[in-house]
Every structure is written in C-alpha cells, then in structure tokens.
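Source file: upload_1.csv. Holds: CSV, C-alpha atoms and all ligand atoms.
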chain,number,residue,atom,x,y,z
A,1,MET,CA,21.6,28.4,75.7
A,2,SER,CA,23.1,27.4,79.0
A,3,LYS,CA,24.7,30.1,81.2
A,4,ASN,CA,28.5,29.9,81.5
A,5,TYR,CA,30.6,30.8,84.5
A,6,ASN,CA,34.4,30.8,85.0
A,7,ILE,CA,35.2,29.5,88.4
A,8,SER,CA,38.7,29.7,89.7
A,9,VAL,CA,39.6,26.9,92.0
A,10,ILE,CA,42.2,26.9,94.8
A,11,LYS,CA,42.3,23.6,96.5
A,12,GLY,CA,45.3,24.5,98.6
A,13,ASP,CA,46.9,22.1,101.1
A,14,GLY,CA,45.9,19.2,103.3
A,15,ILE,CA,42.2,18.2,103.1
A,16,GLY,CA,41.6,21.2,100.9
A,17,VAL,CA,42.1,19.0,97.8
A,18,GLU,CA,39.6,16.3,98.9
A,19,ILE,CA,36.8,18.6,100.0
A,20,VAL,CA,37.0,20.9,97.0
A,21,ASP,CA,36.8,17.8,94.7
A,22,GLU,CA,33.5,17.0,96.4
A,23,ALA,CA,32.1,20.5,95.9
A,24,ILE,CA,33.1,20.4,92.2
A,25,LYS,CA,31.3,17.0,92.0
A,26,VAL,CA,28.2,18.6,93.4
A,27,LEU,CA,28.5,21.6,91.1
A,28,LYS,CA,28.7,19.3,88.1
A,29,THR,CA,25.4,17.7,89.2
A,30,ILE,CA,24.0,21.2,89.3
A,31,GLU,CA,25.2,21.8,85.7
A,32,ASP,CA,23.1,19.0,84.3
A,33,LYS,CA,20.1,19.8,86.4
A,34,PHE,CA,19.9,23.6,85.9
A,35,ASP,CA,21.4,24.1,82.5
A,36,ILE,CA,24.4,26.0,83.8
A,37,LYS,CA,28.0,25.4,82.6
A,38,PHE,CA,31.0,25.9,84.9
A,39,ASN,CA,34.5,26.3,83.5
A,40,PHE,CA,36.8,25.3,86.4
A,41,LYS,CA,40.4,26.3,86.4
A,42,ASP,CA,42.9,25.4,89.1
A,43,TYR,CA,45.4,27.8,90.8
A,44,LEU,CA,48.0,27.4,93.4
A,45,MET,CA,48.2,29.1,96.8
A,46,GLY,CA,49.7,28.2,100.2
A,47,GLY,CA,52.1,25.5,100.9
A,48,CYS,CA,51.7,23.7,97.6
A,49,ALA,CA,52.5,27.0,95.8
A,50,ILE,CA,55.6,27.5,98.0
A,51,ASP,CA,56.7,24.0,97.0
A,52,ALA,CA,56.0,24.5,93.3
A,53,THR,CA,57.1,28.1,92.8
A,54,GLY,CA,58.8,29.3,96.0
A,55,ASN,CA,55.9,31.8,96.5
A,56,PRO,CA,52.7,31.3,98.6
A,57,LEU,CA,50.8,33.4,96.2
A,58,PRO,CA,52.0,33.3,92.6
A,59,ASP,CA,51.0,36.2,90.2
A,60,GLU,CA,49.2,33.7,88.0
A,61,THR,CA,46.8,32.9,90.8
A,62,ILE,CA,46.0,36.6,91.4
A,63,SER,CA,45.4,37.3,87.7
A,64,GLY,CA,43.5,34.1,87.2
A,65,VAL,CA,41.2,34.6,90.1
A,66,LEU,CA,40.7,38.3,89.2
A,67,ASN,CA,39.5,37.2,85.7
A,68,SER,CA,37.0,34.6,87.0
A,69,ASP,CA,33.4,35.1,88.1
A,70,ALA,CA,34.0,33.6,91.5
A,71,CYS,CA,36.6,31.6,93.4
A,72,LEU,CA,36.1,28.3,95.2
A,73,PHE,CA,38.8,27.8,97.8
A,74,GLY,CA,39.7,24.9,100.1
A,75,ALA,CA,42.3,25.5,102.8
A,76,ILE,CA,46.0,26.2,103.2
A,77,GLY,CA,48.8,25.5,105.6
A,78,GLY,CA,50.4,22.6,107.4
A,79,PRO,CA,53.3,21.8,109.7
A,80,LYS,CA,55.7,21.5,106.8
A,81,TRP,CA,55.8,25.2,106.3
A,82,ASP,CA,55.2,26.4,109.9
A,83,LYS,CA,58.9,27.2,110.5
A,84,ASN,CA,59.3,29.2,107.3
A,85,PRO,CA,60.0,33.0,107.7
A,86,ARG,CA,56.7,34.9,107.8
A,87,GLU,CA,56.6,35.9,104.2
A,88,LEU,CA,57.1,32.3,103.1
A,89,ARG,CA,54.3,31.0,105.1
A,90,PRO,CA,51.0,29.8,103.5
A,91,GLU,CA,49.1,32.2,105.8
A,92,SER,CA,51.0,35.2,104.3
A,93,GLY,CA,49.8,34.1,100.9
A,94,LEU,CA,46.2,34.0,102.1
A,95,LEU,CA,46.3,37.4,103.7
A,96,ARG,CA,47.8,39.0,100.6
A,97,PHE,CA,45.2,37.2,98.5
A,98,ARG,CA,42.4,38.7,100.5
A,99,LYS,CA,43.9,42.1,100.1
A,100,GLU,CA,44.5,41.7,96.3
A,101,MET,CA,40.8,40.6,95.9
A,102,GLY,CA,39.6,43.5,98.0
A,103,VAL,CA,37.4,41.1,100.0
A,104,PHE,CA,36.7,43.3,102.9
A,105,ALA,CA,33.5,41.5,104.0
A,106,ASN,CA,33.7,38.0,105.4
A,107,LEU,CA,30.3,36.4,106.0
A,108,ARG,CA,30.4,33.4,108.3
A,109,PRO,CA,27.0,31.9,109.1
A,110,ALA,CA,26.7,29.8,112.3
A,111,VAL,CA,23.6,27.7,111.9
A,112,VAL,CA,22.5,24.9,114.1
A,113,TYR,CA,21.0,21.9,112.2
A,114,ASP,CA,18.2,20.3,114.2
A,115,GLU,CA,19.5,16.9,113.1
A,116,LEU,CA,22.8,17.6,114.8
A,117,ILE,CA,21.6,19.3,117.9
A,118,ASP,CA,23.4,16.9,120.1
A,119,ALA,CA,26.7,17.4,118.3
A,120,SER,CA,27.2,20.7,120.1
A,121,SER,CA,28.8,20.9,123.6
A,122,LEU,CA,26.0,23.2,124.6
A,123,LYS,CA,22.6,22.1,125.8
A,124,PRO,CA,20.0,21.7,123.0
A,125,GLU,CA,17.6,24.3,124.5
A,126,ILE,CA,20.3,26.9,124.3
A,127,ILE,CA,21.2,26.3,120.7
A,128,LYS,CA,18.0,25.1,119.0
A,129,GLY,CA,17.2,27.5,116.2
A,130,VAL,CA,20.4,29.4,116.4
A,131,ASP,CA,21.0,31.3,113.1
A,132,ILE,CA,23.8,33.9,113.3
A,133,MET,CA,25.7,35.7,110.6
A,134,VAL,CA,29.1,36.9,111.6
A,135,VAL,CA,30.1,39.8,109.4
A,136,ARG,CA,33.9,40.2,109.8
A,137,GLU,CA,35.9,43.0,108.3
A,138,LEU,CA,38.7,41.1,106.5
A,139,ILE,CA,41.3,43.3,105.0
A,140,GLY,CA,42.0,45.9,107.7
A,141,GLY,CA,42.5,46.3,111.4
A,142,ILE,CA,45.4,44.8,113.3
A,143,TYR,CA,46.1,42.2,110.6
A,144,PHE,CA,47.3,44.8,108.2
A,145,GLY,CA,47.9,48.0,110.3
A,146,GLU,CA,51.2,49.9,110.2
A,147,PRO,CA,53.5,50.2,111.9
A,148,LYS,CA,54.2,46.5,112.7
A,149,GLY,CA,57.4,44.7,113.3
A,150,LYS,CA,59.5,42.6,115.6
A,151,THR,CA,63.0,43.0,117.1
A,152,GLN,CA,64.7,40.8,119.5
A,153,ASP,CA,63.1,42.4,122.6
A,154,LYS,CA,59.9,44.0,121.2
A,155,GLY,CA,57.0,43.1,118.9
A,156,TRP,CA,54.2,45.4,117.7
A,157,ASN,CA,51.1,45.6,115.5
A,158,THR,CA,48.7,48.5,115.0
A,159,MET,CA,44.9,48.3,115.1
A,160,VAL,CA,43.8,51.0,112.7
A,161,TYR,CA,40.5,51.6,110.9
A,162,THR,CA,39.5,54.5,108.7
A,163,VAL,CA,35.9,55.8,108.6
A,164,GLU,CA,35.6,54.6,105.0
A,165,GLU,CA,36.6,51.0,105.9
A,166,ILE,CA,34.1,50.9,108.7
A,167,GLU,CA,31.3,52.5,106.6
A,168,ARG,CA,31.6,49.9,103.8
A,169,ILE,CA,31.5,46.9,106.1
A,170,THR,CA,28.7,48.4,108.1
A,171,HIS,CA,26.6,48.8,104.9
A,172,VAL,CA,27.2,45.1,104.1
A,173,ALA,CA,26.0,44.1,107.5
A,174,PHE,CA,22.9,46.3,107.4
A,175,LYS,CA,21.9,45.1,103.9
A,176,LEU,CA,22.2,41.5,105.1
A,177,ALA,CA,20.2,42.3,108.3
A,178,MET,CA,17.4,43.7,106.1
A,179,LYS,CA,17.1,40.3,104.5
A,180,ARG,CA,17.2,38.5,107.9
A,181,ASP,CA,15.8,39.3,111.3
A,182,LYS,CA,16.7,43.0,111.1
A,183,ARG,CA,18.9,43.0,114.1
A,184,ILE,CA,22.6,43.9,114.3
A,185,CYS,CA,24.9,43.7,117.2
A,186,SER,CA,28.2,45.5,116.6
A,187,ILE,CA,31.1,44.2,118.6
A,188,ASP,CA,34.0,46.4,119.7
A,189,LYS,CA,36.2,47.3,122.7
A,190,ALA,CA,35.2,50.9,122.8
A,191,ASN,CA,35.7,51.1,126.6
A,192,VAL,CA,39.4,50.8,126.0
A,193,LEU,CA,40.4,51.3,122.3
A,194,ASP,CA,40.1,54.6,120.4
A,195,VAL,CA,39.8,52.7,117.2
A,196,SER,CA,36.7,51.0,118.6
A,197,GLN,CA,35.2,54.3,119.6
A,198,LEU,CA,35.5,55.4,116.0
A,199,TRP,CA,34.0,52.1,114.9
A,200,ARG,CA,31.0,52.6,117.2
A,201,ASP,CA,30.4,56.2,116.2
A,202,THR,CA,30.6,55.3,112.5
A,203,VAL,CA,28.3,52.3,112.8
A,204,GLU,CA,25.7,54.5,114.6
A,205,LYS,CA,25.9,57.1,111.9
A,206,ILE,CA,25.3,54.6,109.1
A,207,ALA,CA,22.5,53.0,111.1
A,208,THR,CA,20.4,56.1,110.6
A,209,GLN,CA,20.1,55.1,107.0
A,210,TYR,CA,18.5,51.8,108.0
A,211,PRO,CA,15.7,52.7,110.4
A,212,GLU,CA,14.1,49.3,110.3
A,213,VAL,CA,17.1,47.6,111.7
A,214,GLU,CA,17.6,47.4,115.4
A,215,LEU,CA,21.2,48.2,116.3
A,216,SER,CA,23.0,47.3,119.6
A,217,HIS,CA,26.6,47.4,120.7
A,218,MET,CA,28.6,44.9,122.8
A,219,TYR,CA,32.1,44.8,124.1
A,220,VAL,CA,34.0,41.8,122.6
A,221,ASP,CA,34.7,40.1,126.0
A,222,ASN,CA,31.0,40.2,126.9
A,223,ALA,CA,30.1,39.0,123.3
A,224,ALA,CA,32.3,36.0,123.8
A,225,MET,CA,30.4,35.2,126.9
A,226,GLN,CA,26.9,35.9,125.5
A,227,LEU,CA,27.6,33.7,122.5
A,228,ILE,CA,27.8,30.7,124.9
A,229,ALA,CA,25.2,31.9,127.4
A,230,ASN,CA,22.4,32.9,125.0
A,231,PRO,CA,23.4,32.7,121.4
A,232,LYS,CA,19.8,33.1,120.2
A,233,GLN,CA,19.9,36.8,121.0
A,234,PHE,CA,22.1,37.3,118.0
A,235,ASP,CA,21.1,37.8,114.3
A,236,VAL,CA,23.9,39.7,112.5
A,237,MET,CA,27.2,40.2,114.5
A,238,LEU,CA,29.2,43.0,112.9
A,239,THR,CA,32.9,43.2,113.9
A,240,GLY,CA,36.4,44.0,112.9
A,241,ASN,CA,39.1,41.6,111.7
A,242,ILE,CA,40.6,40.1,114.8
A,243,PHE,CA,37.5,40.1,117.0
A,244,GLY,CA,35.7,38.4,114.0
A,245,ASP,CA,38.4,35.8,113.7
A,246,ILE,CA,38.0,34.8,117.3
A,247,LEU,CA,34.2,35.1,117.6
A,248,SER,CA,33.5,33.2,114.3
A,249,ASP,CA,35.5,30.2,115.6
A,250,GLU,CA,33.5,30.4,118.8
A,251,ALA,CA,30.2,30.7,116.9
A,252,SER,CA,31.1,27.8,114.7
A,253,MET,CA,31.2,25.5,117.7
A,254,LEU,CA,27.6,26.2,118.5
A,255,SER,CA,26.8,23.9,115.5
A,256,GLY,CA,29.0,21.2,116.9
A,257,SER,CA,31.3,20.6,113.9
A,258,ILE,CA,33.6,23.0,112.2
A,259,GLY,CA,33.2,20.8,109.2
A,260,LEU,CA,29.7,22.1,108.4
A,261,LEU,CA,30.1,25.8,108.1
A,262,PRO,CA,30.8,27.7,104.8
A,263,SER,CA,31.9,31.3,104.3
A,264,ALA,CA,31.9,34.0,101.7
A,265,SER,CA,34.4,36.8,101.3
A,266,THR,CA,33.1,39.6,99.1
A,267,GLY,CA,34.0,43.1,98.4
A,268,LEU,CA,35.7,45.0,95.6
A,269,LYS,CA,36.7,42.3,93.1
A,270,THR,CA,36.2,38.6,92.8
A,271,ALA,CA,34.4,37.0,95.7
A,272,VAL,CA,36.0,33.9,97.4
A,273,TYR,CA,34.0,31.0,98.9
A,274,GLU,CA,35.6,28.7,101.4
A,275,PRO,CA,34.9,26.5,104.4
A,276,ILE,CA,35.7,28.1,107.7
A,277,HIS,CA,37.9,25.3,108.8
A,278,GLY,CA,41.5,24.8,108.0
A,279,SER,CA,43.6,22.2,106.1
A,280,ALA,CA,43.5,19.6,108.9
A,281,PRO,CA,46.9,18.0,108.2
A,282,ASP,CA,46.2,15.3,110.8
A,283,ILE,CA,43.4,13.7,108.7
A,284,THR,CA,44.7,14.5,105.2
A,285,GLY,CA,44.3,11.7,102.7
A,286,LEU,CA,42.3,9.5,105.0
A,287,GLY,CA,39.0,10.1,103.2
A,288,ILE,CA,37.2,11.1,106.4
A,289,ALA,CA,37.1,14.9,106.1
A,290,ASN,CA,33.6,16.4,106.1
A,291,PRO,CA,33.0,18.0,102.7
A,292,ILE,CA,29.8,19.8,103.7
A,293,ALA,CA,31.3,23.1,104.6
A,294,THR,CA,32.9,23.3,101.2
A,295,ILE,CA,29.7,22.1,99.4
A,296,SER,CA,27.8,24.8,101.3
A,297,SER,CA,30.4,27.3,100.3
A,298,ALA,CA,29.7,26.4,96.6
A,299,SER,CA,26.0,27.1,97.4
A,300,MET,CA,26.9,30.5,98.8
A,301,MET,CA,28.8,31.1,95.6
A,302,LEU,CA,25.8,30.3,93.5
A,303,ARG,CA,23.6,32.5,95.7
A,304,TYR,CA,25.8,35.6,96.2
A,305,SER,CA,28.0,35.8,93.1
A,306,LEU,CA,26.1,34.1,90.4
A,307,ASN,CA,22.5,34.8,91.4
A,308,GLU,CA,21.6,31.2,90.9
A,309,GLU,CA,19.2,31.1,93.8
A,310,LYS,CA,17.4,27.9,92.8
A,311,ALA,CA,20.6,26.0,92.3
A,312,ALA,CA,21.8,27.2,95.7
A,313,ASP,CA,18.5,26.1,97.3
A,314,ALA,CA,18.9,22.7,95.7
A,315,ILE,CA,22.3,22.2,97.4
A,316,ASP,CA,21.1,23.5,100.8
A,317,THR,CA,18.1,21.2,100.7
A,318,ALA,CA,20.2,18.2,99.7
A,319,VAL,CA,22.7,18.8,102.5
A,320,LYS,CA,19.9,19.0,105.0
A,321,LYS,CA,18.3,15.8,103.6
A,322,ALA,CA,21.6,13.9,103.7
A,323,LEU,CA,22.0,14.8,107.4
A,324,LYS,CA,18.3,14.0,108.1
A,325,ASP,CA,18.7,10.6,106.4
A,326,GLY,CA,21.5,9.9,108.9
A,327,TYR,CA,24.6,10.1,106.7
A,328,ARG,CA,27.6,11.3,108.7
A,329,THR,CA,31.3,11.7,108.1
A,330,LYS,CA,33.5,10.5,110.9
A,331,ASP,CA,33.5,13.9,112.7
A,332,LEU,CA,29.8,13.4,113.4
A,333,ALA,CA,29.6,9.7,113.6
A,334,GLN,CA,28.4,9.6,117.2
A,335,PHE,CA,25.4,11.8,116.5
A,336,ASP,CA,22.5,9.7,115.2
A,337,ALA,CA,24.5,8.2,112.4
A,338,LYS,CA,22.6,5.6,110.3
A,339,GLU,CA,25.6,5.2,108.1
A,340,VAL,CA,29.2,6.6,108.5
A,341,VAL,CA,30.4,7.6,105.1
A,342,SER,CA,33.7,8.8,103.5
A,343,THR,CA,34.4,12.2,102.1
A,344,SER,CA,33.6,11.2,98.5
A,345,GLN,CA,30.6,9.1,99.5
A,346,MET,CA,29.1,12.2,101.1
A,347,GLY,CA,29.6,14.1,97.8
A,348,ASP,CA,27.9,11.2,96.0
A,349,ILE,CA,25.0,11.2,98.3
A,350,ILE,CA,24.4,14.9,98.1
A,351,SER,CA,24.7,14.8,94.3
A,352,LYS,CA,22.3,12.0,94.1
A,353,ILE,CA,19.7,13.8,96.2
A,354,ILE,CA,20.0,16.8,93.9
A,355,ASN,CA,19.4,14.6,90.9
A,356,ASN,CA,16.2,13.1,92.4
B,401,LIG,C1,40.6,32.5,109.3
B,401,LIG,C2,42.0,32.0,109.6
B,401,LIG,C3,43.0,33.0,109.1
B,401,LIG,C4,42.8,34.3,109.7
B,401,LIG,C5,44.5,32.6,109.1
B,401,LIG,C6,44.7,31.2,108.5
B,401,LIG,C7,45.4,33.6,108.5
B,401,LIG,O1,42.2,31.8,111.0
B,401,LIG,O2,40.3,32.5,108.1
B,401,LIG,O3,39.9,32.7,110.2
B,401,LIG,O4,43.3,34.6,110.8
B,401,LIG,O5,42.0,35.1,109.2
B,402,MG,MG,40.3,32.1,112.1

Have the structure of the file written as structure tokens, please.
Ligand code: IPM
Ligand code: MG
Amino acid sequence: MSKNYNISVIKGDGIGVEIVDEAIKVLKTIEDKFDIKFNFKDYLMGGCAIDATGNPLPDETISGVLNSDACLFGAIGGPKWDKNPRELRPESGLLRFRKEMGVFANLRPAVVYDELIDASSLKPEIIKGVDIMVVRELIGGIYFGEPKGKTQDKGWNTMVYTVEEIERITHVAFKLAMKRDKRICSIDKANVLDVSQLWRDTVEKIATQYPEVELSHMYVDNAAMQLIANPKQFDVMLTGNIFGDILSDEASMLSGSIGLLPSASTGLKTAVYEPIHGSAPDITGLGIANPIATISSASMMLRYSLNEEKAADAIDTAVKKALKDGYRTKDLAQFDAKEVVSTSQMGDIISKIINN
C-alpha cells in the first residue's frame, strides 16, 4: 500500500502561486515513481487572505496546517498591502504563523552549483564548492521581544533571548553539523549586547555535549565581511533572528540567484518549507519566475519531515541535471543557457528527468 501524506499548501501572493504549482507538479511525479500519495489542501495567508477574509492569517489556516504532516509555502506580500497598518500587513500574518507553528529553527542552505559558478558576483575561486547552512532562530529575538512600540517621537523593540530558546536552536545546529562537516560558527554581537553574551555562554555550554564538533564564534559585522571574503570557511552558521535574516540574504547571493535556494522551518509543530525569496510582484504572472527554490523546498520537506530520502534525492539530482543540461529561467539566462525556459517548462523538465 502506498504511503499517504497530508500536505497543507499556502501559495500566498505574487509569484507564490506559480512556483508552488511547479513544486506540486514535481511532487505528483514523485507519487507515481515512489508509490507515495500526497493529499494537498490549499490555505490562505498574506495579502490574498486579507483580501478574502480581512485577516492575513485566518484561523482555518492555522488549524489546517497544524493538522497536516508538512506545509509547502510560496511567498507573501506586495505593494498593494504595504500601506496597511502593521497588523493588517501580509508580513504580520507570516510572523504570527511562524509563532503558531513553533518553527524556531530556520534552515537556509547556501550552496553554489558548479554549473552556475559565473552567476555569482564573486570570483569563481572564492565560491567554488561553497556549502553553508545558516541556522537562524526564527520565533524569538528582536522580532518578537517586548516591550515594543512606536509613538510619534520614539520607536523601540527589544532583543531578548532566554537560555531555553538558545539551547534548543543550538541543539538543532549541532545535530546538523554532525551530519555535515562538523564545524559551527556562532554569530553574535557579544562585544556590545548582553543578550549576545548570554547567547555565546549558552552555545559554549551546549557544545560540550558535542565534542566532535568544532565551535567558533564571530561578531556579526565581521561575519558579514567574512562571508564575502572567504565563504568556504563556513559550514554551519548558527545565529539569532535578525542577524540570520540579514546573513541568509547575503549568503544566498553567493549562489548568484535568490531563485535557487530553499528553506525549512522546523520546531515544535508542523514544519514549513518555502523558497527564501519573496513574492516578486514585479514579475508576477509573466511565467518567468524560477521555480527551483520551491521545488528544492519540496525536496527538503521529503527529507526532513517525511523521511522520504530517496524521493528527495531524486528531486535534487533532477534539479542539478536540468541546470547541467543548460535549462535556465530568465533570471539565469545569461549564464551558459542552452535554452531559456518558462516557470512551467522548468517544472516539466525536472518532472521528466525524475521519470526517466
Ligand atoms: C524572511 C523575510 C521575513 C523576515 C519577512 C518577510 C517578515 O525577510 O523570511 O527572511 O524578516 O523574516
Ligand atoms: Mg529576510
């Protein structure tokens, strides 16, 4: 009998719809090939949810995702909602969603594909072979700390972490490092911030439980510089919410296209898989968005939530082959393209490779 998984799907806004459709196409190919059955169910979040219900995160979405085995997510946001009051912005829905799902660990790989080595703005010798995993704490820190607020002449947020919050994300990073190159660099601002000193002390304490893993610490400003100067020195980068937000965007650019990189958010409840890029309103509906980040997110979902390693490998191999064969969406057209293809053609090509 085939295995059955309930997958909640949040396409969201902008290109979210187009790219998630391609990931679903690829997952349907996986069904036939690996005797797996996915039950997909759509939910609203972000701008589309505001338009339909007046709420960026309807209760139905929360309960539906909580009752599913994993969630595949596209992107949210767009200029249409940018002027809304904060609680009626798509981003508020996303932050509350992360909190509701308890996804404290956000894994953002930054991998450089050999085929696209020229797509990066950095020199090939600097980035060849880069394979970094940014582990970002996602439901704490300055994004959520109290007090926060704004008056006419003052605005404030609070960067706060408890030992417990630091411990649990640190364990995630160390467990991942054990499966990788066994090196962690923890990023903080302990020369200035008390919260960072607590972060550093706590990471050091947890590190004693993983003697095989080599731990180093770096201040965030230096890390931003080192990522560009010598990215190969990093294996796992462990960091808090806002530093991880910034550094993961920077790390993504090592690979040349933000359209290639997936992410996983895991923690206490249902895990969420999404591309690291946004909803790209400027190219919505043109059929030129790169679906690879979302297709690779589906692969992460198979690997981390459903334990379908072979199916995940099949997707990863197919993505590499499509790139190797010279298929490129428009964002990468100038890098050794043999054929420039649309969003849906890229989904077709990857599906076809899986089927062969
Ligand atoms: C990200 C995004 C979000 C964040 C925004 C959209 C709230 O930049 O996922 O990195 O800041 O976490
Ligand atoms: Mg970000």

Please put the answer as lines of an AutoDock Vina configuration file: centre and edge lengths, in Å with one decimal, of a box along x, y and z that encloses all listed atoms of stretch 36-40 of chain A plus 8 Å on each side.
center_x = 30.6
center_y = 25.8
center_z = 84.5
size_x = 28.4
size_y = 17.0
size_z = 19.8

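Near ligand LIG 401 (chain B), at a distance of at most 8 Å and with all atoms listed in the file counted, sit the residues Ile76, Gly77, Glu91, Ser92, Leu94, Leu95, Leu138, Asn241, Ile242, Asp245, Ile246, Ser248, Asp249, Ile276, His277 and Gly278 of chain A.
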
Query raised in the report: Looking at A:Cys71, A:Val65, A:Leu261, A:Leu88, which one is nearest to A:Asp51, with distances taken over all atoms listed in the file?
Result: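 Of A:Cys71, A:Val65, A:Leu261, A:Leu88, the one nearest A:Asp51, counting all atoms listed in the file, is A:Leu88.
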
Query - Close residues, stretch 266-268 of chain A itself excluded, 12 Å, only C-alpha atoms, min 6 positions apart in chain, as a PyMOL selection string - result: chain A and resi 66+69-71+98-108+135-139+165+168-169+171-173+274+300-301+304-305

Report summary line: Min atom-atom distance to A:Ala322 from the set A:Gly141, A:Phe234, A:Asn191, A:Leu116, counting all atoms listed in the file, belongs to A:Leu116

So that I can check the surroundings of stretch 126-130 of chain A, please list as a PDB file with C-alpha atoms, in the frame of the given file every protein, DNA and RNA residue that reaches within 7 Å of it, counting all atoms listed in the file and ignoring chain neighbours fewer than 4 positions away.
ATOM      1  CA  VAL A 111      23.600  27.700 111.900  1.00  0.00           C
ATOM      2  CA  VAL A 112      22.500  24.900 114.100  1.00  0.00           C
ATOM      3  CA  ASP A 114      18.200  20.300 114.200  1.00  0.00           C
ATOM      4  CA  ILE A 117      21.600  19.300 117.900  1.00  0.00           C
ATOM      5  CA  LEU A 122      26.000  23.200 124.600  1.00  0.00           C
ATOM      6  CA  ASN A 230      22.400  32.900 125.000  1.00  0.00           C
ATOM      7  CA  PRO A 231      23.400  32.700 121.400  1.00  0.00           C
ATOM      8  CA  LYS A 232      19.800  33.100 120.200  1.00  0.00           C
ATOM      9  CA  LEU A 254      27.600  26.200 118.500  1.00  0.00           C
TER      10      LEU A 254
END

Query raised in the report: For A:Tyr219, which of A:Asp82, A:Glu22, A:Asp235, A:Asp188 is the closest residue, counting all atoms listed in the file?
Result: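 Checking each of A:Asp82, A:Glu22, A:Asp235, A:Asp188 against A:Tyr219, counting all atoms listed in the file, the winner is A:Asp188.
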
Query raised in the report: What is the distance, in Å and to one decimal place, between atom CA of A:Leu306 and atom CA of A:Leu238?
Result: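 Atom CA of A:Leu238 lies at a distance of 24.4 Å from atom CA of A:Leu306.
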